[in-house]
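*Asks:* Compact mmCIF, C-alpha atoms and all ligand atoms, file structure-v2.txt:
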```txt
# COMPACT_ATOMS: atom_id res chain seq x y z
CA MET W 1 26.52 -17.89 -19.38
CA SER W 2 23.18 -16.37 -18.38
CA ALA W 3 23.04 -12.77 -17.23
CA PRO W 4 23.03 -12.19 -13.45
CA PRO W 5 19.65 -11.35 -11.92
CA LEU W 6 18.75 -7.67 -11.70
CA LEU W 7 18.63 -7.91 -7.91
CA ALA W 8 19.90 -10.55 -5.56
CA VAL W 9 19.73 -10.66 -1.80
CA GLU W 10 22.25 -13.01 -0.23
CA GLY W 11 22.10 -14.21 3.36
CA LEU W 12 20.53 -10.99 4.58
CA SER W 13 19.92 -10.62 8.30
CA CYS W 14 18.62 -7.58 10.17
CA ARG W 15 18.65 -7.45 13.93
CA PHE W 16 16.85 -4.83 16.00
CA GLY W 17 18.06 -5.34 19.56
CA GLY W 18 16.91 -8.82 20.54
CA LEU W 19 14.68 -9.20 17.49
CA LEU W 20 15.90 -10.90 14.35
CA ALA W 21 13.60 -9.19 11.83
CA LEU W 22 15.32 -10.92 8.89
CA ASN W 23 17.15 -14.18 9.28
CA ASN W 24 19.55 -15.20 6.50
CA VAL W 25 17.19 -14.39 3.63
CA SER W 26 18.29 -15.04 0.05
CA LEU W 27 16.39 -14.49 -3.17
CA ALA W 28 16.96 -13.26 -6.70
CA VAL W 29 14.69 -11.20 -8.91
CA GLN W 30 15.00 -11.56 -12.67
CA GLU W 31 14.65 -8.65 -15.08
CA GLY W 32 11.04 -8.19 -16.17
CA GLU W 33 9.51 -10.19 -13.33
CA ILE W 34 6.69 -9.21 -11.04
CA PHE W 35 8.02 -10.68 -7.80
CA GLY W 36 5.74 -10.85 -4.77
CA LEU W 37 6.59 -10.79 -1.09
CA ILE W 38 3.94 -12.12 1.26
CA GLY W 39 3.79 -13.17 4.88
CA PRO W 40 1.97 -12.40 8.12
CA ASN W 41 2.25 -9.05 9.93
CA GLY W 42 5.73 -8.46 11.31
CA ALA W 43 7.27 -11.15 9.06
CA GLY W 44 10.01 -8.77 7.86
CA LYS W 45 8.68 -7.74 4.44
CA THR W 46 9.13 -3.99 4.87
CA THR W 47 12.48 -4.57 6.58
CA LEU W 48 13.63 -6.44 3.46
CA PHE W 49 12.57 -3.47 1.28
CA ASN W 50 14.33 -1.11 3.70
CA ALA W 51 17.53 -3.15 3.48
CA ILE W 52 17.35 -3.27 -0.33
CA SER W 53 16.76 0.48 -0.52
CA ALA W 54 19.51 1.33 1.99
CA LEU W 55 17.20 2.68 4.68
CA THR W 56 18.23 -0.09 7.06
CA THR W 57 21.75 -1.43 7.41
CA PRO W 58 21.73 -5.21 7.49
CA SER W 59 23.60 -7.00 10.27
CA SER W 60 24.97 -9.41 7.68
CA GLY W 61 24.54 -10.42 4.08
CA GLN W 62 24.55 -8.33 0.94
CA VAL W 63 22.45 -6.93 -1.87
CA LEU W 64 23.69 -7.38 -5.45
CA TRP W 65 22.63 -5.25 -8.40
CA ARG W 66 23.23 -7.07 -11.70
CA GLY W 67 25.65 -9.34 -9.89
CA GLN W 68 27.69 -6.57 -8.23
CA PRO W 69 27.51 -5.83 -4.49
CA ILE W 70 26.09 -2.39 -3.86
CA ARG W 71 28.91 -0.71 -1.93
CA HIS W 72 28.21 2.17 0.44
CA PRO W 73 24.58 2.16 -0.58
CA ARG W 74 22.67 5.41 -0.19
CA PRO W 75 19.10 6.03 -1.27
CA ASP W 76 20.14 8.70 -3.81
CA ARG W 77 22.76 6.43 -5.37
CA LEU W 78 20.22 3.65 -5.64
CA SER W 79 17.87 6.00 -7.40
CA ARG W 80 20.58 6.68 -9.99
CA LEU W 81 21.15 2.93 -10.38
CA GLY W 82 17.47 2.61 -11.19
CA LEU W 83 15.72 1.69 -7.98
CA ALA W 84 12.52 3.40 -6.83
CA ARG W 85 10.00 2.55 -4.14
CA THR W 86 6.73 3.48 -2.54
CA PHE W 87 6.03 3.32 1.18
CA GLN W 88 3.56 1.41 3.32
CA ASN W 89 2.89 4.71 5.10
CA LEU W 90 2.54 7.15 2.25
CA ARG W 91 5.26 9.76 1.96
CA LEU W 92 3.82 12.51 -0.19
CA PHE W 93 4.36 16.24 0.07
CA ASP W 94 0.85 17.01 1.29
CA SER W 95 0.92 20.75 0.75
CA LEU W 96 2.32 20.50 -2.79
CA SER W 97 0.06 20.00 -5.78
CA VAL W 98 -0.35 16.59 -7.33
CA ARG W 99 1.72 17.75 -10.34
CA ASP W 100 4.52 19.08 -8.12
CA ASN W 101 4.73 15.79 -6.24
CA VAL W 102 5.55 14.11 -9.55
CA LEU W 103 7.95 16.92 -10.48
CA VAL W 104 9.89 16.13 -7.30
CA GLY W 105 10.48 12.67 -8.76
CA LEU W 106 11.61 14.27 -12.02
CA HIS W 107 14.05 16.70 -10.41
CA ARG W 108 17.18 14.83 -11.45
CA PHE W 109 16.23 15.46 -15.09
CA ALA W 110 15.92 19.21 -14.50
CA ALA W 111 18.57 21.56 -15.91
CA SER W 112 21.55 21.70 -13.55
CA PRO W 113 23.06 25.15 -12.85
CA LEU W 114 25.82 24.28 -15.36
CA ALA W 115 23.36 23.17 -18.05
CA ALA W 116 21.21 26.22 -17.29
CA GLY W 117 24.21 28.43 -18.04
CA LEU W 118 24.60 26.71 -21.40
CA LEU W 119 20.92 26.56 -22.28
CA GLY W 120 20.10 30.12 -21.26
CA THR W 121 16.79 31.21 -19.78
CA ALA W 122 14.71 30.15 -22.77
CA GLY W 123 16.32 26.72 -22.73
CA VAL W 124 15.67 26.30 -19.02
CA ARG W 125 12.03 27.27 -19.51
CA ARG W 126 11.69 24.79 -22.37
CA ARG W 127 13.20 22.05 -20.19
CA GLN W 128 10.78 22.91 -17.38
CA ARG W 129 7.82 22.70 -19.79
CA GLN W 130 9.02 19.29 -20.97
CA LEU W 131 9.18 18.06 -17.38
CA GLU W 132 5.71 19.38 -16.64
CA GLN W 133 4.44 17.61 -19.74
CA ARG W 134 6.13 14.42 -18.56
CA ALA W 135 4.50 14.82 -15.12
CA LEU W 136 1.08 15.10 -16.77
CA GLU W 137 1.72 11.98 -18.88
CA LEU W 138 2.60 10.01 -15.75
CA LEU W 139 -0.48 11.34 -13.97
CA ALA W 140 -2.60 10.29 -16.94
CA LEU W 141 -1.07 6.83 -16.77
CA VAL W 142 -2.28 6.40 -13.19
CA GLY W 143 -5.62 8.10 -13.90
CA LEU W 144 -4.95 11.35 -12.05
CA GLU W 145 -4.59 13.86 -14.89
CA ASP W 146 -7.69 15.80 -13.84
CA GLY W 147 -6.37 16.41 -10.33
CA ALA W 148 -2.96 17.83 -11.28
CA ASP W 149 -3.57 21.20 -9.60
CA LEU W 150 -5.13 19.87 -6.40
CA ALA W 151 -3.16 19.66 -3.19
CA ALA W 152 -1.93 16.11 -2.68
CA ALA W 153 -3.54 16.08 0.77
CA SER W 154 -6.99 16.62 -0.76
CA LEU W 155 -6.96 13.36 -2.74
CA PRO W 156 -8.84 10.31 -1.51
CA TYR W 157 -6.59 7.60 -0.11
CA GLY W 158 -6.58 5.29 -3.15
CA GLU W 159 -5.61 8.20 -5.40
CA ARG W 160 -2.80 9.21 -3.05
CA ARG W 161 -1.42 5.69 -3.44
CA ARG W 162 -1.54 6.05 -7.23
CA LEU W 163 0.17 9.44 -6.97
CA GLU W 164 3.02 7.84 -5.07
CA LEU W 165 3.30 5.31 -7.87
CA ALA W 166 3.50 8.10 -10.49
CA ARG W 167 6.20 9.84 -8.48
CA ALA W 168 8.24 6.64 -8.21
CA LEU W 169 7.91 6.10 -11.97
CA ALA W 170 9.14 9.64 -12.61
CA THR W 171 12.65 8.59 -11.60
CA GLU W 172 12.64 6.12 -14.54
CA PRO W 173 13.47 3.08 -12.42
CA ARG W 174 14.50 -0.36 -13.63
CA LEU W 175 13.23 -1.89 -10.39
CA LEU W 176 10.15 -0.66 -8.59
CA LEU W 177 9.53 -1.71 -4.98
CA LEU W 178 5.88 -1.35 -3.98
CA ASP W 179 5.07 -1.72 -0.28
CA GLU W 180 1.35 -2.48 0.03
CA PRO W 181 0.29 -0.20 -2.84
CA ALA W 182 -3.28 -1.51 -2.57
CA ALA W 183 -3.65 -1.02 1.19
CA GLY W 184 -6.94 0.64 2.07
CA MET W 185 -8.44 0.07 -1.39
CA ASN W 186 -11.72 -1.73 -2.01
CA PRO W 187 -11.68 -4.98 -4.06
CA ALA W 188 -12.51 -3.22 -7.36
CA GLU W 189 -9.76 -0.64 -6.81
CA LYS W 190 -7.32 -3.42 -5.92
CA ASN W 191 -8.12 -5.22 -9.17
CA ASP W 192 -7.65 -2.02 -11.17
CA LEU W 193 -4.33 -1.42 -9.47
CA CYS W 194 -3.26 -4.95 -10.36
CA GLU W 195 -4.01 -4.26 -14.03
CA LEU W 196 -2.19 -0.95 -13.81
CA ILE W 197 0.94 -2.54 -12.32
CA ARG W 198 0.99 -5.13 -15.07
CA ALA W 199 0.46 -2.45 -17.76
CA ILE W 200 3.29 -0.35 -16.27
CA ARG W 201 5.63 -3.35 -16.21
CA ASP W 202 4.89 -4.07 -19.87
CA ARG W 203 5.10 -0.48 -21.03
CA PHE W 204 8.35 0.47 -19.29
CA ASP W 205 9.88 -2.99 -19.39
CA LEU W 206 10.21 -2.80 -15.63
CA THR W 207 10.92 -5.25 -12.88
CA VAL W 208 8.55 -5.02 -9.92
CA MET W 209 8.78 -6.27 -6.34
CA ILE W 210 5.51 -5.98 -4.51
CA ILE W 211 4.32 -6.54 -0.93
CA GLU W 212 0.60 -7.07 -0.49
CA HIS W 213 -1.54 -8.98 2.03
CA HIS W 214 -4.30 -9.98 -0.39
CA VAL W 215 -2.99 -13.44 -1.26
CA PRO W 216 -5.40 -14.37 -4.11
CA LEU W 217 -4.56 -11.07 -5.83
CA MET W 218 -0.84 -11.76 -5.46
CA MET W 219 -1.29 -15.24 -6.88
CA ARG W 220 -2.86 -13.70 -9.98
CA LEU W 221 -0.40 -10.82 -10.34
CA CYS W 222 3.02 -12.29 -9.58
CA ASP W 223 5.30 -14.43 -11.73
CA ARG W 224 7.01 -15.70 -8.56
CA LEU W 225 6.67 -15.07 -4.85
CA ALA W 226 8.70 -15.41 -1.70
CA VAL W 227 6.99 -16.02 1.62
CA LEU W 228 8.46 -14.66 4.84
CA ASN W 229 7.50 -15.76 8.34
CA PHE W 230 9.26 -14.54 11.51
CA GLY W 231 12.07 -13.15 9.36
CA GLU W 232 12.73 -16.39 7.49
CA ARG W 233 12.09 -17.17 3.87
CA ILE W 234 9.86 -20.22 4.16
CA ALA W 235 8.92 -20.60 0.49
CA LEU W 236 9.87 -19.34 -2.95
CA GLY W 237 8.48 -20.11 -6.38
CA THR W 238 5.60 -19.73 -8.78
CA PRO W 239 2.12 -19.08 -7.36
CA GLU W 240 1.31 -22.74 -8.02
CA VAL W 241 4.27 -23.97 -5.99
CA VAL W 242 3.78 -21.49 -3.14
CA ARG W 243 0.05 -22.11 -2.88
CA HIS W 244 0.57 -25.80 -2.11
CA ASP W 245 3.57 -25.45 0.18
CA PRO W 246 2.69 -26.93 3.60
CA LYS W 247 4.88 -24.35 5.42
CA VAL W 248 2.93 -21.52 3.78
CA ILE W 249 -0.41 -23.05 4.64
CA GLU W 250 0.77 -23.47 8.22
CA ALA W 251 2.04 -19.87 8.45
CA TYR W 252 -1.31 -18.53 7.32
CA LEU W 253 -3.66 -20.95 9.02
CA GLY W 254 -1.62 -21.93 12.08
CA SER W 255 -0.30 -25.41 12.67
CA PRO W 256 -2.87 -28.20 12.63
CA ARG W 257 -3.39 -29.70 16.06
N1 LIG H 301 13.45 0.17 13.03
C1 LIG H 301 13.01 -0.86 13.78
N2 LIG H 301 13.35 -0.98 15.07
C2 LIG H 301 12.92 -2.02 15.82
N3 LIG H 301 12.13 -3.01 15.37
C3 LIG H 301 11.73 -2.93 14.09
C4 LIG H 301 12.14 -1.85 13.21
N4 LIG H 301 11.60 -2.05 11.99
C5 LIG H 301 10.88 -3.19 12.08
N5 LIG H 301 10.96 -3.71 13.33
C6 LIG H 301 10.34 -4.97 13.78
O1 LIG H 301 10.76 -5.97 12.87
C7 LIG H 301 9.71 -6.89 12.61
C8 LIG H 301 9.42 -6.92 11.12
O2 LIG H 301 8.80 -5.69 10.75
P1 LIG H 301 8.37 -5.36 9.27
O3 LIG H 301 7.84 -3.98 9.30
O4 LIG H 301 9.48 -5.66 8.36
O5 LIG H 301 7.20 -6.42 9.03
P2 LIG H 301 6.19 -6.55 7.80
O6 LIG H 301 6.31 -7.95 7.31
O7 LIG H 301 6.40 -5.46 6.85
O8 LIG H 301 4.78 -6.41 8.56
P3 LIG H 301 3.41 -5.72 8.06
O9 LIG H 301 2.73 -6.73 7.18
O10 LIG H 301 2.65 -5.51 9.34
O11 LIG H 301 3.75 -4.45 7.36
C9 LIG H 301 8.53 -6.42 13.45
O12 LIG H 301 8.52 -7.17 14.64
C10 LIG H 301 8.83 -4.96 13.71
O13 LIG H 301 8.26 -4.53 14.91
MG MG H 302 5.30 -3.88 6.20
```
Would you kindly transcribe this structure into structure tokens?
*Replies:*
Amino acid sequence: MSAPPLLAVEGLSCRFGGLLALNNVSLAVQEGEIFGLIGPNGAGKTTLFNAISALTTPSSGQVLWRGQPIRHPRPDRLSRLGLARTFQNLRLFDSLSVRDNVLVGLHRFAASPLAAGLLGTAGVRRRQRQLEQRALELLALVGLEDGADLAAASLPYGERRRLELARALATEPRLLLLDEPAAGMNPAEKNDLCELIRAIRDRFDLTVMIIEHHVPLMMRLCDRLAVLNFGERIALGTPEVVRHDPKVIEAYLGSPR
């Protein structure tokens, strides 16, 4: 029997008052995949990420992690399971340094009060140095090692996006959810980010779910994609399949008269 998918969404619906933001959406993401989520504005993409990461409670349906329903999901529990995400509207600690923003992501590896008692002061200091070293390695990976001491707020927008990526990676996720990580970047920066995401997937053996509006870029980056429109999953498959799906063409171009 084949292993269950890393993540599966089954019959997920999310209602906000009279609006059905997600309508009975199902999909499964296999370990190691780069899985894309596309669709027009307001299609429900971020809502799907919010439901997966326990920031929104679905009206019905469930989310499975390696075949098991996630019971009483809470963002901190999901982080321990191995789920990390970035946000469409960046959520950095602006007044903290770039390095400290990554250290926030590393906090669960810091010495607990109990471990600190066992390690002693020298041990705690050594652990802290290791974490700082790890933060610098992650910053180097996203090309931000020179800005480690700057305030996060002082970085240009594209670099702030990469910082959020480094912070998400710090939690050592198995599944990384990226909500429009290339928003506000120019075409060259978007291409670089694409390469970086692929390199990160390969290096950490990660699974990635990504939302991005630039369809040609998604077609190049993703192994498979799902297309949402008005809360419904209207297509699912390889870029080749999705590209030629009449429903997708209609959603993006409007129905032919
Ligand atoms: N907390 C909420 N309360 C009420 N309505 C909401 C809430 N969150 C999302 N919505 C609505 O649900 C719909 C889907 O929103 P969502 O943010 O998931 O879309 P999206 O596909 O991510 O769009 P975009 O590409 O613009 O980011 C929209 O109509 C939005 O206004
Ligand atoms: Mg969104």
*Asks:* Please provide the set of residues having any atom within 10 Å of Asn229 in chain W, restricted to all atoms listed in the file, with same-chain residues fewer than 5 positions apart removed, written as a CSV table (one decimal) with C-alpha atoms, keeping the file's coordinate frame.
*Replies:*
```csv
chain,number,residue,atom,x,y,z
W,21,ALA,CA,13.6,-9.2,11.8
W,22,LEU,CA,15.3,-10.9,8.9
W,23,ASN,CA,17.2,-14.2,9.3
W,38,ILE,CA,3.9,-12.1,1.3
W,39,GLY,CA,3.8,-13.2,4.9
W,40,PRO,CA,2.0,-12.4,8.1
W,41,ASN,CA,2.2,-9.0,9.9
W,42,GLY,CA,5.7,-8.5,11.3
W,43,ALA,CA,7.3,-11.2,9.1
W,44,GLY,CA,10.0,-8.8,7.9
W,45,LYS,CA,8.7,-7.7,4.4
W,234,ILE,CA,9.9,-20.2,4.2
W,235,ALA,CA,8.9,-20.6,0.5
W,247,LYS,CA,4.9,-24.4,5.4
W,248,VAL,CA,2.9,-21.5,3.8
W,251,ALA,CA,2.0,-19.9,8.4
W,252,TYR,CA,-1.3,-18.5,7.3
```
*Asks:* Which residues of chain W come within 12 Å of ligand MG 302 (chain H), and for each one, what is the closest pair of atoms and their distance in Å to one decimal, counting only C-alpha atoms and all ligand atoms, sorted by chain and residue number, as a tab-separated table?
*Replies:*
```
residue	atom	partner	partner_atom	distance
W:Ala21	CA	H:MG302	MG	11.3
W:Leu37	CA	H:MG302	MG	10.1
W:Ile38	CA	H:MG302	MG	9.7
W:Gly39	CA	H:MG302	MG	9.5
W:Pro40	CA	H:MG302	MG	9.3
W:Asn41	CA	H:MG302	MG	7.1
W:Gly42	CA	H:MG302	MG	6.9
W:Ala43	CA	H:MG302	MG	8.1
W:Gly44	CA	H:MG302	MG	7.0
W:Lys45	CA	H:MG302	MG	5.4
W:Thr46	CA	H:MG302	MG	4.1
W:Thr47	CA	H:MG302	MG	7.2
W:Leu48	CA	H:MG302	MG	9.1
W:Phe49	CA	H:MG302	MG	8.8
W:Asn50	CA	H:MG302	MG	9.8
W:Thr86	CA	H:MG302	MG	11.5
W:Phe87	CA	H:MG302	MG	8.8
W:Gln88	CA	H:MG302	MG	6.3
W:Asn89	CA	H:MG302	MG	9.0
W:Leu178	CA	H:MG302	MG	10.5
W:Asp179	CA	H:MG302	MG	6.8
W:Glu180	CA	H:MG302	MG	7.5
W:Pro181	CA	H:MG302	MG	11.0
W:Ala183	CA	H:MG302	MG	10.6
W:Ile210	CA	H:MG302	MG	10.9
W:Ile211	CA	H:MG302	MG	7.7
W:Glu212	CA	H:MG302	MG	8.8
W:His213	CA	H:MG302	MG	9.5
W:Leu228	CA	H:MG302	MG	11.3
W:Gly231	CA	H:MG302	MG	11.9
```
*Asks:* Between W:Val9, W:Ala153, W:Leu136, W:Ala226, which one has atoms that come closest to ligand LIG 301 (chain H), using all atoms listed in the file?
*Replies:*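 Once distances to ligand LIG 301 (chain H) are computed over all atoms listed in the file, the minimum belongs to W:Ala226.
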*Asks:* Report the distance between atom O6 of ligand LIG 301 (chain H) and CA of His72 in chain W in Å, rounded to one decimal place.
*Replies:*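 About the pair atom O6 of ligand LIG 301 (chain H) and CA of His72 in chain W: they are 25.1 Å apart.
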*Asks:* So that I can check the surroundings of Pro5 in chain W, please list as a PyMOL selection string every protein, DNA and RNA residue that reaches within 7 Å of it, counting only C-alpha atoms and ignoring chain neighbours fewer than 6 positions away.
*Replies:* chain W and resi 28-31+66-67
*Asks:* Pick out the closest residue to Pro69 in chain W from this set: W:Val25, W:Ala8, W:Leu83, W:Leu236. Count only C-alpha atoms.
*Replies:*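 Among W:Val25, W:Ala8, W:Leu83, W:Leu236, it is W:Ala8 that comes nearest to Pro69 in chain W.
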